[in-house]
Amino acid sequence: MFKSLSRIVPIIFFTCLSFNLSAANLDAQITDYKKITESIIQSVVSGDVDVPTMIADNKKLIAIGVEFSKAYQEKYPQSQKMMQAIIDNADSMQTLSLESIEEQWHDNGIFTEGKYKTDFDIDDEDVEDFHNPKGAVVHPATAIIAIQMWEKDKNEEHLTLIKEELQEVLHHLQLMKDSLQ
């Protein structure tokens, strides 16, 4: 009996250790995401808009958001199609027009038909948590589009949109963290 336990105890220990590392990694990703987001917002507020840096920083946010989406896939199998759509389209959504990203991603149009049609009501409160990793990708993608538009026309409304998009995703970070733990 003790021989059996001596084999099981290390497995249990390393399983618990890997869970803690995952939790620590989640905390680190949330912290990084928040710092990058706050830095971009501060740049917009101060008027210190460095377009290449802001685009690169938003791409970092998108990469972290994709990792959040992968974690959701594992924890919530019912979110598989929705999370896969986010993962598959994280790069291409950055090239959409503001109108298209609004229709397809903010308003969930991509989930109503075709390859990524969900089997549940996307706007149901019971699946509201699935919007959190979606926002972690969609909001920075929208910010990239707005940054590129601002670079062309210097319209202050685009800076306001960047700030609003990123403030919204900041609001959802704790909710996302809670649902992944």
# chains A, B, ... in the order shown; residues from 1 in each chain; ligands from 1

call {"tool": "closest_atom_pairs", "arguments": {"of": "segment 83-103 of chain A", "to": "segment 66-72 of chain A", "cutoff": "12 Å", "atoms": "only C-alpha atoms", "output": "Markdown table"}}
result
| residue | atom | partner | partner_atom | distance |
| --- | --- | --- | --- | --- |
| A:Met83 | CA | A:Ser69 | CA | 5.3 |
| A:Gln84 | CA | A:Ser69 | CA | 7.8 |
| A:Ala85 | CA | A:Ser69 | CA | 9.6 |
| A:Ile86 | CA | A:Val66 | CA | 7.2 |
| A:Ile87 | CA | A:Val66 | CA | 5.6 |
| A:Asp88 | CA | A:Val66 | CA | 9.2 |
| A:Asn89 | CA | A:Val66 | CA | 9.8 |
| A:Ala90 | CA | A:Val66 | CA | 7.4 |
| A:Asp91 | CA | A:Val66 | CA | 10.3 |

call {"tool": "residues_around", "arguments": {"residues": "segment 92-109 of chain A", "least_positions_apart": "3", "cutoff": "8 Å", "atoms": "only C-alpha atoms", "output": "PyMOL selection string"}}
result
chain A and resi 89+112-113+122+138+141-142+144-146

call {"tool": "write_last_selection", "arguments": {"atoms": "N, CA and C atoms", "output": "compact mmCIF listing (two decimals), in the first residue's frame"}}
result
# COMPACT_ATOMS: atom_id res chain seq x y z
N ASN A 89 -9.32 34.53 -35.84
CA ASN A 89 -9.51 35.84 -36.50
C ASN A 89 -8.82 37.00 -35.79
N THR A 112 -23.56 34.26 -35.63
CA THR A 112 -24.96 34.00 -35.98
C THR A 112 -25.13 33.11 -37.20
N GLU A 113 -24.05 32.90 -37.96
CA GLU A 113 -24.16 32.02 -39.14
C GLU A 113 -22.77 31.55 -39.56
N ILE A 122 -25.97 33.89 -27.87
CA ILE A 122 -24.74 34.59 -27.51
C ILE A 122 -24.99 35.74 -26.53
N VAL A 138 -10.95 41.84 -29.12
CA VAL A 138 -11.71 42.75 -29.98
C VAL A 138 -11.44 44.22 -29.66
N ALA A 141 -8.06 45.28 -30.97
CA ALA A 141 -8.12 45.27 -32.44
C ALA A 141 -8.83 46.52 -32.94
N THR A 142 -9.92 46.89 -32.26
CA THR A 142 -10.64 48.11 -32.61
C THR A 142 -9.75 49.33 -32.37
N ILE A 144 -6.52 49.44 -32.64
CA ILE A 144 -5.55 49.49 -33.75
C ILE A 144 -6.17 50.17 -34.96
N ILE A 145 -7.39 49.79 -35.28
CA ILE A 145 -8.08 50.41 -36.42
C ILE A 145 -8.22 51.91 -36.20
N ALA A 146 -8.62 52.30 -34.98
CA ALA A 146 -8.78 53.72 -34.65
C ALA A 146 -7.45 54.47 -34.68

call {"tool": "atom_distance", "arguments": {"atom1": "atom CA of Glu164 of chain A", "atom2": "atom CA of Thr31 of chain A"}}
result
19.5 Å

call {"tool": "residues_around", "arguments": {"residues": "Val137 of chain A", "least_positions_apart": "3", "cutoff": "6 Å", "atoms": "only C-alpha atoms", "output": "PyMOL selection string"}}
result
chain A and resi 62+65+134+140

call {"tool": "residues_around", "arguments": {"residues": "segment 43-45 of chain A", "least_positions_apart": "2", "cutoff": "9 Å", "atoms": "only C-alpha atoms", "output": "PyMOL selection string"}}
result
chain A and resi 38-41+47-50+54+159-160+162-163

call {"tool": "closest_residue", "arguments": {"among": "A:Asp57, A:Asp119, A:Glu168, A:Asp178", "to": "Leu26 of chain A", "atoms": "only C-alpha atoms"}}
result
A:Asp178

call {"tool": "atom_distance", "arguments": {"atom1": "atom CA of Gln80 of chain A", "atom2": "atom CA of Ala143 of chain A"}}
result
25.5 Å

call {"tool": "atom_distance", "arguments": {"atom1": "atom CA of Ala28 of chain A", "atom2": "atom CA of Asn132 of chain A"}}
result
17.2 Å

call {"tool": "closest_residue", "arguments": {"among": "A:Gln42, A:Asn155, A:Lys81, A:Ala136", "to": "Ile64 of chain A", "atoms": "only C-alpha atoms"}}
result
A:Ala136

call {"tool": "select_by_dssp", "arguments": {"residues": "chain A", "states": "alpha helix (DSSP H)", "output": "short mmCIF file (atom, residue, chain, number, x, y, z; two decimals) with N, CA and C atoms, in the first residue's frame"}}
result
data_model
loop_
_atom_site.label_atom_id
_atom_site.label_comp_id
_atom_site.auth_asym_id
_atom_site.auth_seq_id
_atom_site.Cartn_x
_atom_site.Cartn_y
_atom_site.Cartn_z
N PHE A 2 1.91 1.28 0.84
CA PHE A 2 2.76 2.46 0.92
C PHE A 2 3.53 2.69 -0.37
N LYS A 3 3.88 1.57 -1.07
CA LYS A 3 4.55 1.74 -2.35
C LYS A 3 3.65 2.46 -3.34
N SER A 4 2.38 2.13 -3.32
CA SER A 4 1.41 2.78 -4.21
C SER A 4 1.31 4.26 -3.89
N LEU A 5 1.24 4.57 -2.62
CA LEU A 5 1.16 5.97 -2.21
C LEU A 5 2.42 6.74 -2.60
N SER A 6 3.56 6.10 -2.49
CA SER A 6 4.81 6.81 -2.82
C SER A 6 4.87 7.15 -4.31
N ARG A 7 4.15 6.42 -5.12
CA ARG A 7 4.08 6.75 -6.55
C ARG A 7 3.03 7.83 -6.83
N ILE A 8 1.97 7.82 -6.08
CA ILE A 8 0.87 8.76 -6.31
C ILE A 8 1.18 10.15 -5.76
N VAL A 9 1.81 10.22 -4.59
CA VAL A 9 2.07 11.50 -3.95
C VAL A 9 2.85 12.45 -4.87
N PRO A 10 3.95 12.01 -5.52
CA PRO A 10 4.64 12.95 -6.42
C PRO A 10 3.76 13.43 -7.58
N ILE A 11 2.92 12.54 -8.08
CA ILE A 11 2.02 12.94 -9.17
C ILE A 11 1.06 14.01 -8.69
N ILE A 12 0.48 13.81 -7.52
CA ILE A 12 -0.44 14.80 -6.96
C ILE A 12 0.30 16.11 -6.71
N PHE A 13 1.52 16.02 -6.16
CA PHE A 13 2.30 17.22 -5.88
C PHE A 13 2.57 18.01 -7.16
N PHE A 14 3.03 17.35 -8.20
CA PHE A 14 3.35 18.05 -9.44
C PHE A 14 2.09 18.56 -10.15
N THR A 15 0.99 17.87 -9.99
CA THR A 15 -0.27 18.36 -10.54
C THR A 15 -0.66 19.66 -9.84
N CYS A 16 -0.56 19.68 -8.52
CA CYS A 16 -0.88 20.89 -7.76
C CYS A 16 0.09 22.01 -8.10
N LEU A 17 1.37 21.68 -8.24
CA LEU A 17 2.38 22.67 -8.58
C LEU A 17 2.09 23.28 -9.95
N SER A 18 1.74 22.44 -10.92
CA SER A 18 1.46 22.98 -12.25
C SER A 18 0.21 23.85 -12.23
N PHE A 19 -0.78 23.50 -11.40
CA PHE A 19 -1.96 24.35 -11.29
C PHE A 19 -1.57 25.72 -10.74
N ASN A 20 -0.72 25.72 -9.70
CA ASN A 20 -0.29 26.99 -9.13
C ASN A 20 0.50 27.82 -10.13
N LEU A 21 1.35 27.18 -10.94
CA LEU A 21 2.08 27.91 -11.95
C LEU A 21 1.12 28.50 -12.97
N SER A 22 0.08 27.77 -13.30
CA SER A 22 -0.91 28.29 -14.23
C SER A 22 -1.63 29.50 -13.63
N ALA A 23 -1.97 29.40 -12.36
CA ALA A 23 -2.62 30.53 -11.70
C ALA A 23 -1.68 31.72 -11.63
N ALA A 24 -0.40 31.45 -11.35
CA ALA A 24 0.59 32.53 -11.32
C ALA A 24 0.75 33.14 -12.71
N ASN A 25 0.73 32.29 -13.73
CA ASN A 25 0.84 32.79 -15.10
C ASN A 25 -0.37 33.65 -15.46
N LEU A 26 -1.54 33.22 -15.04
CA LEU A 26 -2.75 34.02 -15.28
C LEU A 26 -2.61 35.38 -14.60
N ASP A 27 -2.18 35.38 -13.36
CA ASP A 27 -1.98 36.64 -12.64
C ASP A 27 -0.99 37.54 -13.38
N ALA A 28 0.10 36.95 -13.86
CA ALA A 28 1.11 37.73 -14.58
C ALA A 28 0.54 38.29 -15.87
N GLN A 29 -0.23 37.49 -16.58
CA GLN A 29 -0.83 37.96 -17.83
C GLN A 29 -1.84 39.08 -17.57
N ILE A 30 -2.64 38.92 -16.55
CA ILE A 30 -3.61 39.97 -16.19
C ILE A 30 -2.86 41.25 -15.83
N THR A 31 -1.80 41.12 -15.03
CA THR A 31 -1.00 42.29 -14.64
C THR A 31 -0.38 42.97 -15.86
N ASP A 32 0.21 42.17 -16.75
CA ASP A 32 0.81 42.73 -17.96
C ASP A 32 -0.24 43.42 -18.82
N TYR A 33 -1.37 42.76 -18.98
CA TYR A 33 -2.45 43.31 -19.80
C TYR A 33 -2.90 44.67 -19.24
N LYS A 34 -3.07 44.71 -17.94
CA LYS A 34 -3.52 45.95 -17.29
C LYS A 34 -2.49 47.06 -17.45
N LYS A 35 -1.21 46.75 -17.24
CA LYS A 35 -0.15 47.77 -17.36
C LYS A 35 -0.07 48.32 -18.78
N ILE A 36 -0.11 47.43 -19.76
CA ILE A 36 -0.03 47.87 -21.16
C ILE A 36 -1.24 48.73 -21.51
N THR A 37 -2.41 48.29 -21.09
CA THR A 37 -3.64 49.02 -21.38
C THR A 37 -3.61 50.41 -20.75
N GLU A 38 -3.23 50.47 -19.49
CA GLU A 38 -3.16 51.77 -18.80
C GLU A 38 -2.12 52.69 -19.44
N SER A 39 -1.03 52.12 -19.92
CA SER A 39 0.01 52.92 -20.58
C SER A 39 -0.52 53.52 -21.89
N ILE A 40 -1.25 52.74 -22.65
CA ILE A 40 -1.82 53.24 -23.90
C ILE A 40 -2.83 54.36 -23.60
N ILE A 41 -3.69 54.12 -22.63
CA ILE A 41 -4.68 55.14 -22.26
C ILE A 41 -3.97 56.42 -21.83
N GLN A 42 -2.93 56.31 -21.02
CA GLN A 42 -2.18 57.48 -20.57
C GLN A 42 -1.57 58.22 -21.76
N SER A 43 -1.06 57.50 -22.73
CA SER A 43 -0.50 58.14 -23.93
C SER A 43 -1.56 58.95 -24.67
N VAL A 44 -2.75 58.38 -24.77
CA VAL A 44 -3.85 59.08 -25.45
C VAL A 44 -4.23 60.33 -24.66
N VAL A 45 -4.40 60.18 -23.35
CA VAL A 45 -4.82 61.30 -22.50
C VAL A 45 -3.79 62.43 -22.53
N SER A 46 -2.51 62.07 -22.52
CA SER A 46 -1.46 63.09 -22.49
C SER A 46 -1.18 63.68 -23.87
N VAL A 51 2.32 56.26 -32.80
CA VAL A 51 1.52 55.27 -33.52
C VAL A 51 2.17 53.89 -33.55
N PRO A 52 3.43 53.75 -33.97
CA PRO A 52 4.01 52.40 -34.01
C PRO A 52 4.03 51.70 -32.65
N THR A 53 4.34 52.46 -31.61
CA THR A 53 4.36 51.88 -30.26
C THR A 53 2.96 51.47 -29.82
N MET A 54 1.98 52.32 -30.09
CA MET A 54 0.60 52.00 -29.69
C MET A 54 0.08 50.78 -30.44
N ILE A 55 0.42 50.67 -31.71
CA ILE A 55 -0.01 49.48 -32.47
C ILE A 55 0.68 48.24 -31.91
N ALA A 56 1.99 48.32 -31.66
CA ALA A 56 2.72 47.18 -31.11
C ALA A 56 2.16 46.77 -29.74
N ASP A 57 1.85 47.75 -28.90
CA ASP A 57 1.30 47.45 -27.58
C ASP A 57 -0.08 46.80 -27.68
N ASN A 58 -0.90 47.28 -28.59
CA ASN A 58 -2.22 46.66 -28.76
C ASN A 58 -2.09 45.24 -29.32
N LYS A 59 -1.10 45.00 -30.14
CA LYS A 59 -0.86 43.64 -30.64
C LYS A 59 -0.44 42.71 -29.49
N LYS A 60 0.32 43.25 -28.53
CA LYS A 60 0.65 42.47 -27.34
C LYS A 60 -0.62 42.12 -26.57
N LEU A 61 -1.52 43.09 -26.44
CA LEU A 61 -2.79 42.83 -25.75
C LEU A 61 -3.58 41.74 -26.46
N ILE A 62 -3.59 41.80 -27.77
CA ILE A 62 -4.32 40.79 -28.56
C ILE A 62 -3.71 39.41 -28.32
N ALA A 63 -2.39 39.32 -28.31
CA ALA A 63 -1.73 38.03 -28.08
C ALA A 63 -2.09 37.47 -26.70
N ILE A 64 -2.11 38.33 -25.70
CA ILE A 64 -2.51 37.87 -24.36
C ILE A 64 -3.99 37.48 -24.37
N GLY A 65 -4.82 38.26 -25.06
CA GLY A 65 -6.24 37.93 -25.17
C GLY A 65 -6.47 36.59 -25.84
N VAL A 66 -5.66 36.24 -26.81
CA VAL A 66 -5.75 34.92 -27.45
C VAL A 66 -5.45 33.83 -26.42
N GLU A 67 -4.46 34.07 -25.57
CA GLU A 67 -4.16 33.10 -24.51
C GLU A 67 -5.33 32.95 -23.55
N PHE A 68 -5.98 34.05 -23.22
CA PHE A 68 -7.18 33.98 -22.37
C PHE A 68 -8.25 33.13 -23.07
N SER A 69 -8.41 33.32 -24.37
CA SER A 69 -9.42 32.57 -25.13
C SER A 69 -9.11 31.08 -25.11
N LYS A 70 -7.85 30.73 -25.23
CA LYS A 70 -7.45 29.31 -25.17
C LYS A 70 -7.76 28.72 -23.79
N ALA A 71 -7.52 29.50 -22.76
CA ALA A 71 -7.83 29.03 -21.40
C ALA A 71 -9.33 28.82 -21.23
N TYR A 72 -10.13 29.71 -21.81
CA TYR A 72 -11.59 29.56 -21.75
C TYR A 72 -12.03 28.30 -22.48
N GLN A 73 -11.40 28.01 -23.61
CA GLN A 73 -11.74 26.80 -24.35
C GLN A 73 -11.57 25.57 -23.46
N GLU A 74 -10.49 25.55 -22.71
CA GLU A 74 -10.22 24.41 -21.84
C GLU A 74 -11.21 24.33 -20.68
N LYS A 75 -11.48 25.47 -20.07
CA LYS A 75 -12.33 25.47 -18.88
C LYS A 75 -13.81 25.37 -19.23
N GLN A 80 -16.28 26.57 -27.12
CA GLN A 80 -15.30 26.15 -28.12
C GLN A 80 -15.38 26.94 -29.43
N LYS A 81 -16.54 27.00 -30.05
CA LYS A 81 -16.67 27.70 -31.33
C LYS A 81 -16.38 29.19 -31.20
N MET A 82 -16.91 29.79 -30.16
CA MET A 82 -16.71 31.22 -29.97
C MET A 82 -15.24 31.54 -29.75
N MET A 83 -14.59 30.79 -28.88
CA MET A 83 -13.18 31.05 -28.61
C MET A 83 -12.32 30.76 -29.84
N GLN A 84 -12.67 29.71 -30.59
CA GLN A 84 -11.90 29.39 -31.79
C GLN A 84 -12.04 30.49 -32.83
N ALA A 85 -13.21 31.07 -32.93
CA ALA A 85 -13.41 32.20 -33.85
C ALA A 85 -12.49 33.35 -33.48
N ILE A 86 -12.38 33.63 -32.19
CA ILE A 86 -11.52 34.71 -31.72
C ILE A 86 -10.07 34.40 -32.04
N ILE A 87 -9.64 33.19 -31.73
CA ILE A 87 -8.26 32.77 -31.98
C ILE A 87 -7.95 32.83 -33.48
N ASP A 88 -8.84 32.28 -34.29
CA ASP A 88 -8.62 32.22 -35.74
C ASP A 88 -8.60 33.59 -36.40
N ASN A 89 -9.32 34.53 -35.84
CA ASN A 89 -9.51 35.84 -36.50
C ASN A 89 -8.82 37.00 -35.79
N LEU A 98 -14.04 50.15 -39.04
CA LEU A 98 -14.72 50.29 -37.74
C LEU A 98 -16.13 49.73 -37.81
N GLU A 99 -16.82 49.96 -38.92
CA GLU A 99 -18.19 49.46 -39.06
C GLU A 99 -18.22 47.94 -39.07
N SER A 100 -17.27 47.32 -39.77
CA SER A 100 -17.25 45.85 -39.86
C SER A 100 -16.90 45.20 -38.53
N ILE A 101 -15.93 45.76 -37.82
CA ILE A 101 -15.57 45.15 -36.54
C ILE A 101 -16.73 45.30 -35.54
N HIS A 131 -17.86 36.75 -23.13
CA HIS A 131 -17.57 38.03 -23.77
C HIS A 131 -16.25 38.62 -23.25
N ASN A 132 -15.80 38.18 -22.10
CA ASN A 132 -14.60 38.77 -21.51
C ASN A 132 -13.34 38.48 -22.31
N PRO A 133 -13.04 37.22 -22.69
CA PRO A 133 -11.85 37.02 -23.52
C PRO A 133 -12.06 37.57 -24.93
N LYS A 134 -13.30 37.58 -25.39
CA LYS A 134 -13.58 38.18 -26.69
C LYS A 134 -13.19 39.66 -26.65
N GLY A 135 -13.58 40.35 -25.61
CA GLY A 135 -13.24 41.77 -25.47
C GLY A 135 -11.75 42.01 -25.35
N ALA A 136 -11.03 41.06 -24.75
CA ALA A 136 -9.58 41.20 -24.58
C ALA A 136 -8.86 41.17 -25.92
N VAL A 137 -9.53 40.69 -26.95
CA VAL A 137 -8.97 40.69 -28.31
C VAL A 137 -9.63 41.77 -29.16
N VAL A 138 -10.95 41.84 -29.12
CA VAL A 138 -11.71 42.75 -29.98
C VAL A 138 -11.44 44.22 -29.66
N HIS A 139 -11.38 44.58 -28.40
CA HIS A 139 -11.18 45.99 -28.05
C HIS A 139 -9.80 46.50 -28.51
N PRO A 140 -8.70 45.76 -28.27
CA PRO A 140 -7.43 46.25 -28.80
C PRO A 140 -7.39 46.24 -30.34
N ALA A 141 -8.06 45.28 -30.97
CA ALA A 141 -8.12 45.27 -32.44
C ALA A 141 -8.83 46.52 -32.94
N THR A 142 -9.92 46.89 -32.26
CA THR A 142 -10.64 48.11 -32.61
C THR A 142 -9.75 49.33 -32.37
N ALA A 143 -8.98 49.30 -31.30
CA ALA A 143 -8.06 50.41 -31.01
C ALA A 143 -7.02 50.55 -32.12
N ILE A 144 -6.52 49.44 -32.64
CA ILE A 144 -5.55 49.49 -33.75
C ILE A 144 -6.17 50.17 -34.96
N ILE A 145 -7.39 49.79 -35.28
CA ILE A 145 -8.08 50.41 -36.42
C ILE A 145 -8.22 51.91 -36.20
N ALA A 146 -8.62 52.30 -34.98
CA ALA A 146 -8.78 53.72 -34.65
C ALA A 146 -7.45 54.47 -34.68
N ILE A 147 -6.38 53.81 -34.23
CA ILE A 147 -5.04 54.44 -34.27
C ILE A 147 -4.64 54.73 -35.71
N GLN A 148 -4.87 53.74 -36.57
CA GLN A 148 -4.51 53.92 -37.98
C GLN A 148 -5.35 55.01 -38.63
N MET A 149 -6.60 55.10 -38.25
CA MET A 149 -7.45 56.15 -38.79
C MET A 149 -6.99 57.52 -38.27
N TRP A 150 -6.66 57.60 -36.98
CA TRP A 150 -6.18 58.86 -36.41
C TRP A 150 -4.89 59.31 -37.09
N GLU A 151 -4.02 58.35 -37.40
CA GLU A 151 -2.76 58.69 -38.07
C GLU A 151 -3.01 59.37 -39.41
N LYS A 152 -4.08 58.96 -40.09
CA LYS A 152 -4.41 59.54 -41.40
C LYS A 152 -5.12 60.88 -41.29
N ASP A 153 -6.07 60.99 -40.35
CA ASP A 153 -6.92 62.19 -40.35
C ASP A 153 -6.81 63.07 -39.11
N GLU A 156 -9.82 63.73 -33.50
CA GLU A 156 -9.77 63.45 -32.05
C GLU A 156 -10.77 62.37 -31.63
N GLU A 157 -11.83 62.19 -32.39
CA GLU A 157 -12.81 61.15 -32.06
C GLU A 157 -12.16 59.77 -32.08
N HIS A 158 -11.16 59.58 -32.92
CA HIS A 158 -10.48 58.29 -32.96
C HIS A 158 -9.66 58.06 -31.69
N LEU A 159 -9.07 59.12 -31.16
CA LEU A 159 -8.35 58.99 -29.89
C LEU A 159 -9.32 58.68 -28.75
N THR A 160 -10.46 59.34 -28.78
CA THR A 160 -11.49 59.06 -27.77
C THR A 160 -11.93 57.60 -27.85
N LEU A 161 -12.09 57.09 -29.06
CA LEU A 161 -12.49 55.69 -29.25
C LEU A 161 -11.44 54.74 -28.69
N ILE A 162 -10.17 55.02 -28.93
CA ILE A 162 -9.09 54.18 -28.40
C ILE A 162 -9.21 54.10 -26.89
N LYS A 163 -9.33 55.24 -26.26
CA LYS A 163 -9.43 55.31 -24.80
C LYS A 163 -10.65 54.53 -24.30
N GLU A 164 -11.79 54.74 -24.94
CA GLU A 164 -13.03 54.06 -24.52
C GLU A 164 -12.94 52.54 -24.69
N GLU A 165 -12.38 52.10 -25.80
CA GLU A 165 -12.24 50.66 -26.04
C GLU A 165 -11.39 50.01 -24.95
N LEU A 166 -10.29 50.65 -24.63
CA LEU A 166 -9.37 50.06 -23.65
C LEU A 166 -9.88 50.20 -22.22
N GLN A 167 -10.60 51.27 -21.93
CA GLN A 167 -11.22 51.39 -20.60
C GLN A 167 -12.25 50.30 -20.40
N GLU A 168 -12.98 49.98 -21.45
CA GLU A 168 -14.00 48.93 -21.34
C GLU A 168 -13.37 47.58 -21.02
N VAL A 169 -12.28 47.27 -21.71
CA VAL A 169 -11.66 45.97 -21.47
C VAL A 169 -11.03 45.92 -20.07
N LEU A 170 -10.54 47.03 -19.57
CA LEU A 170 -10.02 47.05 -18.19
C LEU A 170 -11.10 46.67 -17.19
N HIS A 171 -12.31 47.13 -17.46
CA HIS A 171 -13.45 46.83 -16.58
C HIS A 171 -13.69 45.33 -16.49
N HIS A 172 -13.39 44.59 -17.55
CA HIS A 172 -13.71 43.16 -17.60
C HIS A 172 -12.56 42.26 -17.13
N LEU A 173 -11.38 42.82 -16.90
CA LEU A 173 -10.23 41.98 -16.54
C LEU A 173 -10.47 41.16 -15.27
N GLN A 174 -10.97 41.77 -14.23
CA GLN A 174 -11.18 41.04 -12.98
C GLN A 174 -12.24 39.96 -13.16
N LEU A 175 -13.29 40.28 -13.92
CA LEU A 175 -14.33 39.27 -14.18
C LEU A 175 -13.74 38.07 -14.90
N MET A 176 -12.88 38.35 -15.87
CA MET A 176 -12.24 37.27 -16.62
C MET A 176 -11.35 36.43 -15.71
N LYS A 177 -10.56 37.11 -14.91
CA LYS A 177 -9.68 36.40 -13.98
C LYS A 177 -10.49 35.49 -13.06
N ASP A 178 -11.57 36.04 -12.51
CA ASP A 178 -12.40 35.24 -11.60
C ASP A 178 -12.98 34.01 -12.29
N SER A 179 -13.39 34.16 -13.54
CA SER A 179 -14.02 33.02 -14.22
C SER A 179 -13.00 31.99 -14.69
N LEU A 180 -11.72 32.36 -14.74
CA LEU A 180 -10.69 31.40 -15.14
C LEU A 180 -10.06 30.69 -13.95
#
